[in-house]
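Data block for work-v3.cif (mmCIF, C-alpha atoms):
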data_query
#
loop_
_atom_site.label_atom_id
_atom_site.label_comp_id
_atom_site.auth_asym_id
_atom_site.auth_seq_id
_atom_site.Cartn_x
_atom_site.Cartn_y
_atom_site.Cartn_z
CA ARG A 1 19.03 -21.32 -96.60
CA VAL A 2 19.53 -18.05 -94.78
CA ALA A 3 16.92 -15.31 -94.66
CA ASP A 4 18.45 -11.84 -94.32
CA LEU A 5 15.51 -9.83 -93.01
CA GLY A 6 15.75 -6.11 -93.70
CA CYS A 7 18.80 -6.69 -95.86
CA GLY A 8 19.47 -3.06 -96.77
CA LEU A 9 22.06 -2.91 -99.55
CA GLY A 10 22.55 -6.67 -99.32
CA LEU A 11 26.16 -6.69 -98.13
CA ASP A 12 25.53 -9.18 -95.31
CA ALA A 13 23.51 -11.31 -97.73
CA ARG A 14 26.44 -11.23 -100.15
CA ALA A 15 28.77 -12.41 -97.37
CA PHE A 16 26.48 -15.40 -96.77
CA ALA A 17 26.35 -16.11 -100.50
CA ASP A 18 30.14 -15.92 -100.70
CA ARG A 19 30.19 -18.77 -98.17
CA GLY A 20 28.12 -20.91 -100.52
CA LEU A 21 24.81 -20.51 -98.72
CA ASP A 22 21.46 -19.95 -100.39
CA VAL A 23 20.12 -16.54 -99.34
CA VAL A 24 16.81 -14.77 -99.56
CA ALA A 25 17.22 -11.07 -98.83
CA VAL A 26 14.05 -9.22 -97.84
CA GLU A 27 13.83 -5.42 -98.04
CA ARG A 28 10.72 -3.21 -97.95
CA ASP A 29 12.27 -0.10 -99.54
CA ALA A 30 12.00 -0.50 -103.32
CA VAL A 31 15.07 1.59 -104.16
CA VAL A 32 17.23 -0.13 -101.54
CA ALA A 33 15.97 -3.55 -102.68
CA ALA A 34 17.01 -2.68 -106.23
CA ALA A 35 20.49 -1.78 -104.98
CA ALA A 36 20.64 -5.12 -103.13
CA GLU A 37 19.82 -6.91 -106.38
CA VAL A 38 22.79 -5.19 -108.02
CA ASN A 39 25.09 -6.19 -105.14
CA LEU A 40 23.90 -9.79 -105.29
CA ALA A 41 24.09 -10.08 -109.08
CA GLY A 42 26.11 -13.11 -110.11
CA HIS A 43 25.66 -14.91 -106.79
CA ARG A 44 23.86 -18.14 -107.51
CA GLY A 45 21.31 -19.08 -104.89
CA ALA A 46 20.80 -15.48 -103.77
CA ARG A 47 17.57 -13.60 -104.43
CA VAL A 48 15.98 -10.37 -103.26
CA VAL A 49 12.36 -10.06 -102.18
CA HIS A 50 10.76 -6.62 -102.09
CA GLY A 51 8.42 -6.73 -99.13
CA ASP A 52 7.98 -6.36 -95.39
CA ALA A 53 10.56 -8.52 -93.60
CA VAL A 54 8.44 -9.14 -90.50
CA ALA A 55 5.41 -10.24 -92.51
CA TRP A 56 7.65 -12.46 -94.67
CA ALA A 57 9.14 -14.10 -91.56
CA ARG A 58 5.77 -14.74 -89.96
CA ALA A 59 4.49 -16.42 -93.10
CA ARG A 60 7.60 -18.33 -94.22
CA VAL A 61 9.85 -19.13 -91.24
CA PRO A 62 10.79 -21.91 -90.69
CA ALA A 63 9.29 -23.41 -93.84
CA GLU A 64 11.51 -21.44 -96.24
CA ALA A 65 14.51 -20.61 -94.07
CA ASP A 66 16.92 -22.78 -92.11
CA ALA A 67 18.39 -19.73 -90.35
CA VAL A 68 17.63 -16.02 -89.98
CA TRP A 69 19.86 -12.94 -89.81
CA LEU A 70 18.73 -9.42 -88.90
CA ASP A 71 20.38 -6.01 -88.68
CA PRO A 72 17.56 -3.81 -87.32
CA ALA A 73 17.46 -0.11 -88.10
CA ARG A 74 18.44 1.86 -85.01
CA ARG A 75 17.55 5.34 -86.22
CA GLN A 76 14.26 7.19 -86.37
CA VAL A 77 13.80 9.51 -89.33
CA GLY A 78 11.73 12.66 -89.09
CA GLY A 79 11.82 16.42 -89.05
CA GLY A 80 14.39 16.58 -91.81
CA GLY A 81 16.92 14.41 -89.98
CA SER A 82 17.48 11.19 -88.08
CA ALA A 83 18.24 10.31 -84.47
CA ARG A 84 19.75 7.17 -82.99
CA VAL A 85 17.46 5.19 -80.70
CA PHE A 86 18.65 2.99 -77.84
CA ASP A 87 15.50 1.21 -76.68
CA PRO A 88 15.56 -2.25 -78.34
CA GLU A 89 11.79 -2.07 -78.70
CA ALA A 90 12.18 1.09 -80.79
CA PHE A 91 14.39 -0.71 -83.33
CA SER A 92 12.96 -1.73 -86.68
CA PRO A 93 12.09 -4.54 -86.26
CA PRO A 94 11.90 -4.51 -82.44
CA LEU A 95 13.87 -7.03 -80.40
CA SER A 96 10.60 -8.72 -79.37
CA VAL A 97 10.06 -9.64 -83.05
CA VAL A 98 13.51 -11.21 -83.10
CA THR A 99 12.68 -13.34 -80.07
CA ASP A 100 9.37 -14.36 -81.69
CA ILE A 101 11.31 -15.59 -84.72
CA ALA A 102 13.76 -17.41 -82.46
CA ALA A 103 10.82 -19.12 -80.75
CA THR A 104 10.28 -21.07 -83.98
CA GLY A 105 13.52 -22.92 -83.18
CA VAL A 106 15.58 -21.81 -86.19
CA PRO A 107 19.10 -20.45 -85.61
CA VAL A 108 18.91 -16.65 -85.39
CA GLY A 109 21.58 -13.95 -85.31
CA VAL A 110 20.91 -10.25 -84.84
CA LYS A 111 23.38 -7.35 -85.01
CA LEU A 112 22.78 -4.56 -82.49
CA GLY A 113 24.59 -1.50 -81.20
CA PRO A 114 27.37 -1.94 -78.62
CA GLY A 115 25.38 0.06 -76.06
CA LEU A 116 22.86 -2.80 -75.67
CA PRO A 117 21.93 -2.89 -71.96
CA HIS A 118 22.47 -6.21 -70.22
CA GLU A 119 18.92 -6.30 -68.93
CA ALA A 120 17.64 -6.26 -72.53
CA VAL A 121 19.42 -9.51 -73.47
CA PRO A 122 16.77 -12.23 -73.74
CA ALA A 123 17.10 -15.36 -71.64
CA GLY A 124 18.75 -18.21 -73.51
CA ALA A 125 20.59 -15.99 -75.98
CA GLU A 126 24.35 -15.64 -76.33
CA ALA A 127 25.40 -11.99 -76.24
CA GLU A 128 28.68 -11.17 -77.98
CA TRP A 129 30.38 -7.77 -78.09
CA VAL A 130 32.85 -7.20 -80.94
CA SER A 131 35.67 -4.68 -81.13
CA LEU A 132 37.87 -3.82 -84.10
CA ASP A 133 41.22 -2.12 -83.54
CA GLY A 134 40.15 -0.92 -80.11
CA ASP A 135 36.67 0.36 -81.05
CA VAL A 136 33.59 -1.59 -79.92
CA VAL A 137 31.59 -1.75 -83.13
CA GLU A 138 28.62 -3.99 -82.38
CA ALA A 139 26.84 -6.44 -80.16
CA ALA A 140 25.39 -9.62 -81.62
CA LEU A 141 22.75 -11.90 -80.12
CA TRP A 142 22.71 -15.56 -81.10
CA PHE A 143 19.77 -17.90 -80.56
CA ASN A 144 19.23 -21.66 -80.76
CA ALA A 145 21.89 -23.50 -82.78
CA ALA A 146 23.61 -20.21 -83.67
CA ALA A 147 24.56 -19.80 -80.00
CA ARG A 148 27.55 -21.67 -78.63
CA PRO A 149 26.61 -24.26 -76.00
CA GLY A 150 27.11 -22.95 -72.49
CA VAL A 151 28.03 -19.41 -73.55
CA ARG A 152 25.98 -16.53 -72.17
CA ARG A 153 28.42 -13.61 -72.58
CA ALA A 154 31.33 -13.18 -74.95
CA ALA A 155 33.89 -10.62 -76.12
CA ARG A 156 35.57 -10.87 -79.52
CA VAL A 157 38.57 -8.58 -80.00
CA MET A 158 39.81 -8.22 -83.58
CA THR A 159 43.02 -6.43 -84.55
CA VAL A 160 44.22 -5.72 -88.09
CA ARG A 161 47.95 -5.25 -88.65
CA GLY A 162 49.62 -5.31 -92.04
CA GLY A 163 46.60 -6.93 -93.67
CA GLU A 164 46.51 -9.74 -91.08
CA THR A 165 43.60 -10.05 -88.65
CA THR A 166 44.09 -11.60 -85.23
CA THR A 167 41.20 -12.50 -82.97
CA ALA A 168 41.09 -13.00 -79.22
CA GLN A 169 38.00 -14.18 -77.37
CA LEU A 170 36.71 -14.46 -73.83
CA VAL A 171 33.47 -16.25 -72.96
CA SER A 172 31.46 -17.00 -69.85
CA GLY A 173 28.54 -19.26 -69.16
CA ALA A 174 27.49 -17.21 -66.15
CA ASP A 175 24.70 -14.68 -66.40
CA PHE A 176 25.25 -10.94 -66.19
CA GLY A 177 26.26 -9.90 -62.68
CA ASP A 178 27.61 -13.35 -61.80
CA SER A 179 31.29 -12.72 -62.54
CA PRO A 180 33.92 -13.87 -60.03
CA GLU A 181 35.19 -11.51 -57.35
CA VAL A 182 38.87 -10.57 -57.36
CA GLU A 183 40.97 -8.75 -54.79
CA ALA A 184 41.11 -4.96 -55.09
CA VAL A 185 44.23 -2.82 -54.63
CA GLY A 186 42.35 -0.08 -52.79
CA GLU A 187 43.67 3.23 -51.48
CA GLU A 188 46.09 1.62 -49.06
CA GLY A 189 47.82 -0.32 -51.82
CA MET A 190 48.34 2.49 -54.34
CA ALA A 191 51.82 3.50 -53.12
CA GLY A 192 53.11 -0.02 -53.71
CA LEU A 193 52.14 -0.18 -57.40
CA VAL A 194 55.34 1.26 -58.86
CA GLY A 195 56.85 -1.36 -61.16
CA ALA A 196 53.61 -3.32 -61.52
CA VAL A 197 51.65 -3.49 -64.77
CA LEU A 198 48.29 -1.78 -65.20
CA HIS A 199 46.03 -3.52 -67.74
CA GLU A 200 43.21 -1.76 -69.54
CA PRO A 201 40.70 -4.39 -70.74
CA ASP A 202 39.39 -3.96 -74.26
CA GLY A 203 36.04 -2.22 -74.56
CA ALA A 204 34.33 -5.42 -75.69
CA VAL A 205 35.43 -7.13 -72.46
CA ILE A 206 34.07 -4.20 -70.45
CA ARG A 207 30.76 -4.08 -72.35
CA ALA A 208 30.27 -7.82 -71.83
CA GLY A 209 30.82 -7.44 -68.08
CA LEU A 210 33.84 -9.75 -68.23
CA VAL A 211 36.50 -7.65 -66.46
CA THR A 212 36.91 -9.88 -63.42
CA ASP A 213 36.41 -12.98 -65.58
CA LEU A 214 39.47 -11.80 -67.51
CA ALA A 215 41.45 -11.36 -64.29
CA ALA A 216 40.47 -14.85 -63.12
CA SER A 217 41.57 -16.36 -66.44
CA TRP A 218 45.14 -15.05 -66.25
CA PRO A 219 48.00 -17.26 -65.01
CA VAL A 220 49.48 -14.51 -62.80
CA PRO A 221 47.97 -13.04 -59.59
CA THR A 222 45.77 -10.18 -60.75
CA ARG A 223 43.92 -7.55 -58.75
CA GLN A 224 41.33 -4.95 -59.69
CA LEU A 225 42.49 -1.39 -59.09
CA ASP A 226 39.10 -0.63 -57.50
CA PRO A 227 35.91 -2.76 -57.45
CA HIS A 228 34.18 -0.12 -59.60
CA LEU A 229 36.93 0.39 -62.19
CA ALA A 230 37.83 -1.61 -65.29
CA TYR A 231 41.58 -1.58 -64.55
CA LEU A 232 43.56 -4.68 -63.61
CA VAL A 233 46.98 -4.84 -61.95
CA ALA A 234 49.41 -7.74 -62.37
CA PRO A 235 53.13 -8.19 -61.63
CA GLU A 236 53.91 -8.64 -65.35
CA PRO A 237 52.23 -7.94 -68.68
CA VAL A 238 49.68 -10.47 -69.94
CA ARG A 239 49.64 -10.49 -73.73
CA ASP A 240 46.44 -12.29 -74.69
CA GLY A 241 45.05 -9.59 -76.99
CA LEU A 242 42.26 -8.74 -74.54
CA ALA A 243 43.86 -5.84 -72.66
CA ARG A 244 46.48 -3.13 -73.13
CA ALA A 245 49.41 -3.17 -70.71
CA HIS A 246 51.13 -0.16 -69.08
CA ARG A 247 54.12 -0.21 -66.71
CA ILE A 248 53.43 1.95 -63.63
CA GLU A 249 56.32 4.38 -63.21
CA ALA A 250 54.95 6.60 -60.44
CA VAL A 251 51.77 7.22 -58.46
CA HIS A 252 50.72 10.84 -57.92
CA GLY A 253 47.76 12.39 -56.19
CA PHE A 254 45.37 13.93 -58.67
CA HIS A 255 46.00 17.61 -58.01
CA LEU A 256 46.27 19.77 -61.11
CA ALA A 257 48.70 22.22 -59.55
CA SER A 258 51.15 19.50 -58.50
CA LEU A 259 50.79 17.74 -61.84
CA ARG A 260 51.57 21.03 -63.59
CA ARG A 261 54.80 21.26 -61.55
CA TRP A 262 55.61 17.63 -62.36
CA ALA A 263 55.18 18.28 -66.08
CA LYS A 264 57.37 21.37 -65.95
CA GLU A 265 60.13 19.79 -63.90
CA THR A 266 60.30 16.61 -66.01
CA GLY A 267 60.01 18.35 -69.39
CA VAL A 268 56.66 16.91 -70.47
CA GLY A 269 55.60 18.39 -73.80
CA ARG A 270 53.11 15.74 -74.96
CA LEU A 271 50.58 14.15 -72.67
CA ASP A 272 48.13 11.29 -73.15
CA VAL A 273 45.37 11.06 -70.53
CA LYS A 274 43.15 8.08 -69.73
CA LYS A 275 40.59 8.06 -66.97
CA ARG A 276 38.05 6.07 -64.98
CA GLY A 277 35.73 7.53 -62.36
CA ILE A 278 37.05 11.09 -62.80
CA ARG A 279 34.76 13.97 -63.74
CA GLU A 280 37.32 16.05 -65.64
CA THR A 281 37.77 15.23 -69.31
CA PRO A 282 41.19 14.23 -70.70
CA GLU A 283 41.22 17.45 -72.74
CA GLU A 284 40.63 19.58 -69.64
CA VAL A 285 43.41 17.83 -67.74
CA ARG A 286 45.82 18.05 -70.65
CA ARG A 287 45.27 21.81 -71.00
CA ALA A 288 45.61 22.39 -67.26
CA VAL A 289 48.77 20.28 -66.88
CA LEU A 290 50.60 21.52 -69.97
CA GLY A 291 49.45 25.12 -69.77
CA GLY A 292 52.55 26.17 -67.82
CA ALA A 293 54.95 23.50 -69.04
CA LYS A 294 57.81 24.38 -71.33
CA PRO A 295 59.15 21.94 -73.92
CA GLY A 296 62.08 19.86 -72.75
CA ARG A 297 65.56 20.68 -73.85
CA ARG A 298 65.78 17.51 -75.89
CA GLY A 299 63.48 16.38 -78.68
CA GLY A 300 62.01 19.80 -79.34
CA ALA A 301 58.44 18.96 -78.34
CA GLY A 302 59.39 17.67 -74.89
CA ARG A 303 58.91 14.30 -73.24
CA HIS A 304 55.89 12.19 -74.15
CA ALA A 305 54.09 11.03 -71.00
CA THR A 306 50.93 9.10 -70.20
CA LEU A 307 48.72 9.59 -67.14
CA VAL A 308 45.95 7.26 -66.01
CA LEU A 309 43.47 9.05 -63.77
CA ALA A 310 41.38 6.98 -61.39
CA ARG A 311 39.21 7.34 -58.31
CA VAL A 312 40.20 4.59 -55.93
CA GLY A 313 38.15 4.41 -52.79
CA GLY A 314 37.64 8.00 -51.67
CA SER A 315 40.76 9.46 -53.29
CA ARG A 316 41.82 10.48 -56.77
CA PHE A 317 45.12 9.38 -58.27
CA ALA A 318 47.20 10.02 -61.37
CA LEU A 319 49.33 7.05 -62.40
CA GLU A 320 52.30 7.82 -64.63
CA VAL A 321 52.64 4.84 -66.96
CA THR A 322 54.60 3.62 -69.95
CA PRO A 323 52.56 1.77 -72.60
CA LEU A 324 54.01 -1.68 -73.28
CA ASP A 325 51.99 -2.61 -76.40
#
How would this structure read if it were set down as structure tokens?
Amino acid sequence: RVADLGCGLGLDARAFADRGLDVVAVERDAVVAAAAEVNLAGHRGARVVHGDAVAWARARVPAEADAVWLDPARRQVGGGGSARVFDPEAFSPPLSVVTDIAATGVPVGVKLGPGLPHEAVPAGAEAEWVSLDGDVVEAALWFNAAARPGVRRAARVMTVRGGETTTAQLVSGADFGDSPEVEAVGEEGMAGLVGAVLHEPDGAVIRAGLVTDLAASWPVPTRQLDPHLAYLVAPEPVRDGLARAHRIEAVHGFHLASLRRWAKETGVGRLDVKKRGIRETPEEVRRAVLGGAKPGRRGGAGRHATLVLARVGGSRFALEVTPLD
């Protein structure tokens, strides 16, 4: 029996019911609760309770629920609009209420925003960041039997292609800040990167603080571009679904005037820009670099190039790369 506390329209509750579980969905808004009843119609073992979810949990968990699921509201409504809130104690219900429910010993899962700060993750909980097609869509906290044994941090990367979903995962039992150290390329090693492969870890890996854990898990020698940047360098592409790979074709200094000459001389007409540790936005760089560039003679729109901008040590670089994925 799963209690979906603050069930909203009941879509999560319906997913539980589709798995054959008994569900009680609690919602305090009468209109929304009525909509949940419509969405759960025809699902045996599923019922909607119109009432306050926190009060219901305090009175009936664990007696009437074997597990609890929550998706707290993360917006405050007022003044004719709504605003997103980021303090877990400002959620509805607050994260402290979730931990109180977990203290009863029942398995608990709670869906939160991907910007959840590491310091807000309660002790003993598994924190999992989830991305879908390259976008980090949520963080989930799992307590008690809902948490995987020995897992403190996790990244789940889901990709949909042609109706098929593939999933890649990375987990660590170490606490936040206790990831392994890996060698850094540093300023002195930048010139020797041509021909190597730059890997851009998925956002879920980055949010979970698992960048160097990812490097340590790979079967090839892998370095971090800079200790403060989420870029990894390896001699060959690693295709585990957890990072995007780019072949490094050239390493330039990050000087807009010289990059503008490079674009003109090599016929760049389309430019993708990625960055880490650089103040300028990709849009600003793209406008500055292509402003004086003329389309190449072939292809009409000119050559399609990709630059990765990064501050390594005390210098700024622009890596010309070819995406391999």
Given the file shown, determine the residues that the PyMOL selection byres ((chain A and resi 162-177) around 8) selects; report them as JSON, numbers by chain.
{"A": [118, 150, 151, 152, 153, 154, 155, 156, 157, 158, 159, 160, 161, 178, 179, 205, 209, 210, 213, 214, 240, 241, 242]}
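Going from atom CA of Thr104 of chain A over to atom CA of Leu11 of chain A, you cover 25.7 Å.
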Expected selection from the PyMOL selection byres ((chain A and resi 22) around 10), given as a list of chain:residue names:
A:Arg1, A:Val2, A:Ala3, A:Ala13, A:Phe16, A:Ala17, A:Asp18, A:Arg19, A:Gly20, A:Leu21, A:Val23, A:Val24, A:Ala25, A:His43, A:Arg44, A:Gly45, A:Ala46, A:Arg47, A:Ala65, A:Asp66
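Among the candidates A:Thr212, A:Asn144, A:Thr306, A:Asn39, the residue lying nearest to Ile101 of chain A is A:Asn144 (atoms considered: all atoms listed in the file).
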As an MDAnalysis selection string, please: the residues near segment 29-36 of chain A (cut-off 8 Å, all atoms listed in the file, same-chain neighbours under 4 positions excluded).
chainID A and resid 7:11 40 48:51
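Closest approach to Val233 of chain A among A:Glu200, A:Glu27, A:Glu119, A:Asp12 is made by A:Glu200 (distances from only C-alpha atoms).
Interatomic distance, atom CA of Gly313 of chain A against atom CA of Glu187 of chain A: 5.8 Å.
Using only C-alpha atoms for every distance, the candidate list A:Leu5, A:Ala184, A:Ala140, A:Ala216 yields A:Ala184 as the residue closest to His228 of chain A.
Between atom CA of Asp325 of chain A and atom CA of Ala245 of chain A there is a distance of 6.3 Å.
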Would you pick out the contacts of Ala102 of chain A at 7 Å or less, using all atoms listed in the file, so that residues sharing its chain but fewer than 5 positions from it are not included, and give the list as a ChimeraX atom specification?
/A:107-108,143
For the residues in that selection, give me C-alpha atoms as a compact mmCIF listing (two decimals), in the frame of the given file.
# COMPACT_ATOMS: atom_id res chain seq x y z
CA PRO A 107 19.10 -20.45 -85.61
CA VAL A 108 18.91 -16.65 -85.39
CA PHE A 143 19.77 -17.90 -80.56
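Nearest to Gly195 of chain A of all the residues A:Pro237, A:Pro180, A:Pro221, A:Pro122 is A:Pro237, based on all atoms listed in the file.
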Which residue, A:Gly134, A:Gly186, A:Pro114, A:Gly291, has the smallest gap to Ala208 of chain A when you use only C-alpha atoms?
A:Pro114
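For the set A:Val289, A:Val185, A:Val130, A:Ala243, the residue with the smallest atom-to-atom gap to Thr222 of chain A is A:Val185, counting all atoms listed in the file.
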Using the chain letters and residue numbers of this document, give as a PyMOL selection string the residues selected by the PyMOL selection byres ((chain A and resi 253) around 6).
chain A and resi 252+254-255+317-318
Box for segment 304-308 of chain A: with edges along x, y and z, all listed atoms inside and 8 Å added on each side, what are the centre and edge lengths in Å to one decimal, as lines of an AutoDock Vina configuration file?
center_x = 50.9
center_y = 9.7
center_z = -70.1
size_x = 25.9
size_y = 20.9
size_z = 24.1
Determine, counting all atoms listed in the file, which protein, DNA and RNA residues have an atom within 10 Å of an atom of Ala145 of chain A; residues of the same chain fewer than 3 positions away are not included. Present the result as a PyMOL selection string.
chain A and resi 67+105-109+142+148-149
Arg316 of chain A surroundings by only C-alpha atoms, 8 Å radius, close-in-sequence under 4 positions cut, as a ChimeraX atom specification:
/A:253-254,278,309-312
Requested file, segment 239-253 of chain A restricted to N, CA, C and O atoms, as a PDB file, in the first residue's frame:
ATOM      1  N   ARG A 239      32.038   5.187 -24.395  1.00  0.00           N
ATOM      2  CA  ARG A 239      30.614   5.250 -24.748  1.00  0.00           C
ATOM      3  C   ARG A 239      29.807   4.450 -23.715  1.00  0.00           C
ATOM      4  O   ARG A 239      29.413   3.319 -23.958  1.00  0.00           O
ATOM      5  N   ASP A 240      29.602   5.064 -22.563  1.00  0.00           N
ATOM      6  CA  ASP A 240      28.818   4.411 -21.513  1.00  0.00           C
ATOM      7  C   ASP A 240      27.494   5.109 -21.270  1.00  0.00           C
ATOM      8  O   ASP A 240      26.773   4.779 -20.336  1.00  0.00           O
ATOM      9  N   GLY A 241      27.158   6.105 -22.109  1.00  0.00           N
ATOM     10  CA  GLY A 241      25.900   6.823 -21.949  1.00  0.00           C
ATOM     11  C   GLY A 241      25.925   7.894 -20.884  1.00  0.00           C
ATOM     12  O   GLY A 241      24.901   8.554 -20.664  1.00  0.00           O
ATOM     13  N   LEU A 242      27.061   8.109 -20.235  1.00  0.00           N
ATOM     14  CA  LEU A 242      27.134   9.065 -19.130  1.00  0.00           C
ATOM     15  C   LEU A 242      27.862  10.353 -19.492  1.00  0.00           C
ATOM     16  O   LEU A 242      27.953  11.267 -18.671  1.00  0.00           O
ATOM     17  N   ALA A 243      28.392  10.438 -20.695  1.00  0.00           N
ATOM     18  CA  ALA A 243      29.113  11.634 -21.120  1.00  0.00           C
ATOM     19  C   ALA A 243      29.081  11.723 -22.639  1.00  0.00           C
ATOM     20  O   ALA A 243      28.996  10.704 -23.334  1.00  0.00           O
ATOM     21  N   ARG A 244      29.173  12.937 -23.153  1.00  0.00           N
ATOM     22  CA  ARG A 244      29.272  13.172 -24.592  1.00  0.00           C
ATOM     23  C   ARG A 244      30.744  13.332 -24.958  1.00  0.00           C
ATOM     24  O   ARG A 244      31.501  13.995 -24.238  1.00  0.00           O
ATOM     25  N   ALA A 245      31.132  12.749 -26.084  1.00  0.00           N
ATOM     26  CA  ALA A 245      32.534  12.735 -26.487  1.00  0.00           C
ATOM     27  C   ALA A 245      32.777  13.684 -27.654  1.00  0.00           C
ATOM     28  O   ALA A 245      31.951  13.798 -28.569  1.00  0.00           O
ATOM     29  N   HIS A 246      33.939  14.366 -27.645  1.00  0.00           N
ATOM     30  CA  HIS A 246      34.315  15.311 -28.698  1.00  0.00           C
ATOM     31  C   HIS A 246      35.813  15.126 -28.998  1.00  0.00           C
ATOM     32  O   HIS A 246      36.635  15.202 -28.084  1.00  0.00           O
ATOM     33  N   ARG A 247      36.147  14.906 -30.264  1.00  0.00           N
ATOM     34  CA  ARG A 247      37.553  14.837 -30.654  1.00  0.00           C
ATOM     35  C   ARG A 247      38.135  16.238 -30.683  1.00  0.00           C
ATOM     36  O   ARG A 247      37.554  17.161 -31.270  1.00  0.00           O
ATOM     37  N   ILE A 248      39.296  16.435 -30.047  1.00  0.00           N
ATOM     38  CA  ILE A 248      39.944  17.750 -30.013  1.00  0.00           C
ATOM     39  C   ILE A 248      40.773  17.917 -31.281  1.00  0.00           C
ATOM     40  O   ILE A 248      41.736  17.182 -31.516  1.00  0.00           O
ATOM     41  N   GLU A 249      40.390  18.899 -32.089  1.00  0.00           N
ATOM     42  CA  GLU A 249      41.060  19.145 -33.367  1.00  0.00           C
ATOM     43  C   GLU A 249      42.148  20.201 -33.252  1.00  0.00           C
ATOM     44  O   GLU A 249      43.163  20.140 -33.966  1.00  0.00           O
ATOM     45  N   ALA A 250      41.944  21.184 -32.398  1.00  0.00           N
ATOM     46  CA  ALA A 250      42.928  22.257 -32.229  1.00  0.00           C
ATOM     47  C   ALA A 250      42.671  22.934 -30.890  1.00  0.00           C
ATOM     48  O   ALA A 250      41.552  22.896 -30.359  1.00  0.00           O
ATOM     49  N   VAL A 251      43.723  23.552 -30.361  1.00  0.00           N
ATOM     50  CA  VAL A 251      43.620  24.303 -29.109  1.00  0.00           C
ATOM     51  C   VAL A 251      44.033  25.746 -29.385  1.00  0.00           C
ATOM     52  O   VAL A 251      45.169  26.015 -29.808  1.00  0.00           O
ATOM     53  N   HIS A 252      43.105  26.674 -29.195  1.00  0.00           N
ATOM     54  CA  HIS A 252      43.357  28.092 -29.417  1.00  0.00           C
ATOM     55  C   HIS A 252      43.321  28.833 -28.081  1.00  0.00           C
ATOM     56  O   HIS A 252      42.655  28.399 -27.138  1.00  0.00           O
ATOM     57  N   GLY A 253      44.009  29.958 -28.016  1.00  0.00           N
ATOM     58  CA  GLY A 253      43.787  30.869 -26.905  1.00  0.00           C
ATOM     59  C   GLY A 253      42.439  31.536 -27.080  1.00  0.00           C
ATOM     60  O   GLY A 253      41.987  31.737 -28.216  1.00  0.00           O
TER      61      GLY A 253
END
